[in-house]
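Remarks on the structure that follows.
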Amino acid sequence: MEKLSLILVRARKAGEKDRLTRQAIAGLAQYVKLIAELVEHYEKEQYSITDDPIGTLKFLMEQHGLSQTDLAKEFGGQPVVSDVLAGRRPLNKNHILKLAARFHVSPAAFLPTA
């Protein structure tokens with residue numbers, strides 16, 4: 001989507017004077033908007049993040065093919081990962097910040113919703 005948006009911006013800058021070019025750019029803009037909507041819909045259907053922080057973590061682990069051992073560094077050891085995933089221990093601030101950095105998501109993804 002970023003590349004399509006950049007193409008659109010460059011096209012707009014290059015074709016500001018020609019009427020036919022402006023019409024083509026308008027069509028391209030509609031196309032980019034439709035693609036963005038389709039991608040958003042697909043991601044919601046296929047890759048939805050849950051409102052449960054542990055569910056979110058399990059989902060991300062599955063999507064990245066990670067085991068508990070793979071996250072030992074973020075948690076300070078594999079037993080801590082096991083306790084968190086089993087619900088015996090909550091995620092703390094340090095865990096949340098490290099997980100957000102590892103998975104390139106907002107820390108809010110690991111906070112419970114009210």
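Letters A, B, ... mark the chains of the structure tokens in the order given; residue numbers begin at 1 per chain; ligand numbers begin at 1, in order shown.
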| query | Residues at most 12 Å from Leu8 (chain A), counting only C-alpha atoms, excluding those fewer than 3 positions away in the same chain, as a PyMOL selection string? | reply | chain A and resi 1-5+11-16+21-22+24-33
| request: For Pro112 (chain A), work out the shell of residues within 9 Å, counting only C-alpha atoms and skipping chain neighbours fewer than 2 positions away, then give it as a PyMOL selection string. | output: chain A and resi 51-53+108-110+114
| query | What does the distance between CA of Gly87 (chain A) and CA of Ile54 (chain A) come to in Å, to one decimal place? | reply |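 According to the coordinates, CA of Gly87 (chain A) and CA of Ile54 (chain A) are separated by 7.9 Å.
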| request: Enumerate as a PyMOL selection string all residues of chain A assigned to helix (DSSP H, G or I) by DSSP on the backbone, naming them with the chain letters and numbers the document uses. | output: chain A and resi 2-14+19-46+53-64+69-75+78-85+93-103+107-110
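If you count only C-alpha atoms and ignore residues fewer than 3 places along the chain from Val80 (chain A), what sits within 10 Å of it is Gln68, Leu71, Ala72, Glu74, Phe75, Gly76, Gly77, Asp83, Val84, Leu85, Ala86, Arg88, Arg89, Pro90 and Leu91 of chain A.
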Given the selection you just returned, output its residues as a file containing all heavy atoms, formatted as a short mmCIF file (atom, residue, chain, number, x, y, z; two decimals), in the first residue's frame.
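Written output follows (part_27.cif):
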data_model
loop_
_atom_site.label_atom_id
_atom_site.label_comp_id
_atom_site.auth_asym_id
_atom_site.auth_seq_id
_atom_site.Cartn_x
_atom_site.Cartn_y
_atom_site.Cartn_z
N GLN A 68 7.83 -21.09 23.02
CA GLN A 68 8.08 -20.42 24.30
C GLN A 68 9.56 -20.11 24.47
O GLN A 68 9.92 -19.03 24.95
CB GLN A 68 7.58 -21.28 25.45
CG GLN A 68 6.08 -21.41 25.51
CD GLN A 68 5.61 -22.22 26.71
OE1 GLN A 68 6.38 -22.46 27.64
NE2 GLN A 68 4.36 -22.62 26.69
N LEU A 71 10.87 -16.87 23.05
CA LEU A 71 10.54 -15.63 23.75
C LEU A 71 11.21 -15.50 25.12
O LEU A 71 10.94 -14.57 25.86
CB LEU A 71 9.02 -15.50 23.92
CG LEU A 71 8.24 -15.33 22.62
CD1 LEU A 71 6.75 -15.24 22.92
CD2 LEU A 71 8.70 -14.10 21.87
N ALA A 72 12.07 -16.45 25.45
CA ALA A 72 12.71 -16.45 26.77
C ALA A 72 13.46 -15.15 27.04
O ALA A 72 13.44 -14.63 28.16
CB ALA A 72 13.66 -17.64 26.89
N GLU A 74 12.76 -12.09 26.02
CA GLU A 74 11.84 -11.00 26.34
C GLU A 74 11.25 -11.14 27.75
O GLU A 74 10.87 -10.17 28.37
CB GLU A 74 10.70 -10.93 25.32
CG GLU A 74 11.07 -10.33 23.99
CD GLU A 74 11.81 -11.27 23.05
OE1 GLU A 74 12.01 -12.45 23.40
OE2 GLU A 74 12.21 -10.82 21.97
N PHE A 75 11.17 -12.36 28.23
CA PHE A 75 10.53 -12.62 29.52
C PHE A 75 11.51 -12.88 30.66
O PHE A 75 11.11 -12.95 31.81
CB PHE A 75 9.59 -13.82 29.40
CG PHE A 75 8.31 -13.50 28.70
CD1 PHE A 75 8.20 -13.60 27.33
CD2 PHE A 75 7.19 -13.11 29.42
CE1 PHE A 75 7.01 -13.30 26.68
CE2 PHE A 75 6.00 -12.82 28.79
CZ PHE A 75 5.91 -12.91 27.41
N GLY A 76 12.77 -13.09 30.34
CA GLY A 76 13.73 -13.40 31.38
C GLY A 76 13.78 -14.88 31.70
O GLY A 76 14.16 -15.27 32.81
N GLY A 77 13.39 -15.70 30.76
CA GLY A 77 13.46 -17.15 30.94
C GLY A 77 12.21 -17.85 30.44
O GLY A 77 11.12 -17.29 30.47
N ASP A 83 4.51 -19.53 32.43
CA ASP A 83 3.57 -19.03 33.44
C ASP A 83 2.63 -17.97 32.87
O ASP A 83 1.44 -17.96 33.18
CB ASP A 83 4.34 -18.45 34.64
CG ASP A 83 4.97 -19.52 35.52
OD1 ASP A 83 4.60 -20.70 35.38
OD2 ASP A 83 5.82 -19.16 36.35
N VAL A 84 3.16 -17.09 32.04
CA VAL A 84 2.33 -16.04 31.44
C VAL A 84 1.30 -16.66 30.51
O VAL A 84 0.11 -16.34 30.58
CB VAL A 84 3.20 -14.99 30.70
CG1 VAL A 84 2.34 -14.08 29.83
CG2 VAL A 84 4.01 -14.17 31.70
N LEU A 85 1.74 -17.56 29.64
CA LEU A 85 0.82 -18.18 28.69
C LEU A 85 -0.24 -19.03 29.37
O LEU A 85 -1.36 -19.17 28.87
CB LEU A 85 1.59 -19.01 27.67
CG LEU A 85 2.46 -18.21 26.69
CD1 LEU A 85 3.29 -19.14 25.82
CD2 LEU A 85 1.62 -17.28 25.84
N ALA A 86 0.08 -19.58 30.53
CA ALA A 86 -0.88 -20.40 31.28
C ALA A 86 -1.79 -19.55 32.17
O ALA A 86 -2.70 -20.08 32.80
CB ALA A 86 -0.13 -21.43 32.13
N ARG A 88 -0.86 -17.93 34.86
CA ARG A 88 -0.41 -17.94 36.26
C ARG A 88 0.34 -16.66 36.63
O ARG A 88 0.56 -16.39 37.80
CB ARG A 88 0.49 -19.15 36.51
CG ARG A 88 -0.23 -20.49 36.42
CD ARG A 88 0.68 -21.65 36.82
NE ARG A 88 1.79 -21.83 35.92
CZ ARG A 88 1.79 -22.64 34.86
NH1 ARG A 88 0.71 -23.34 34.57
NH2 ARG A 88 2.86 -22.75 34.11
N ARG A 89 0.69 -15.89 35.62
CA ARG A 89 1.46 -14.68 35.84
C ARG A 89 1.02 -13.65 34.80
O ARG A 89 0.87 -13.98 33.63
CB ARG A 89 2.94 -15.03 35.67
CG ARG A 89 3.90 -13.97 36.00
CD ARG A 89 5.32 -14.50 35.79
NE ARG A 89 6.16 -13.97 36.82
CZ ARG A 89 7.39 -14.34 37.04
NH1 ARG A 89 7.92 -15.30 36.33
NH2 ARG A 89 8.09 -13.78 37.98
N PRO A 90 0.82 -12.40 35.21
CA PRO A 90 0.40 -11.38 34.23
C PRO A 90 1.60 -10.84 33.46
O PRO A 90 2.75 -10.94 33.89
CB PRO A 90 -0.21 -10.29 35.11
CG PRO A 90 0.55 -10.40 36.40
CD PRO A 90 0.84 -11.88 36.58
N LEU A 91 1.31 -10.25 32.33
CA LEU A 91 2.35 -9.53 31.60
C LEU A 91 2.68 -8.26 32.39
O LEU A 91 1.78 -7.58 32.86
CB LEU A 91 1.84 -9.12 30.21
CG LEU A 91 1.71 -10.21 29.17
CD1 LEU A 91 0.95 -9.68 27.96
CD2 LEU A 91 3.06 -10.72 28.75
#
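Each of A:Leu34, A:Gly65, A:Ile7, A:Leu57 was compared to Leu111 (chain A) using only C-alpha atoms, and A:Leu57 turns out to be the nearest.
In terms of minimum interatomic distance to Asn94 (chain A), A:Lys73 ranks closest within A:Leu38, A:Thr113, A:Ser82, A:Lys73, counting only C-alpha atoms.
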| Near-Glu62 (chain A) list (12 Å; only C-alpha atoms; drop same-chain fewer than 6 positions) as a list in words |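 The residues that qualify are Tyr47, Gly55, Thr56, Gln68, Asp70 and Phe103 of chain A.
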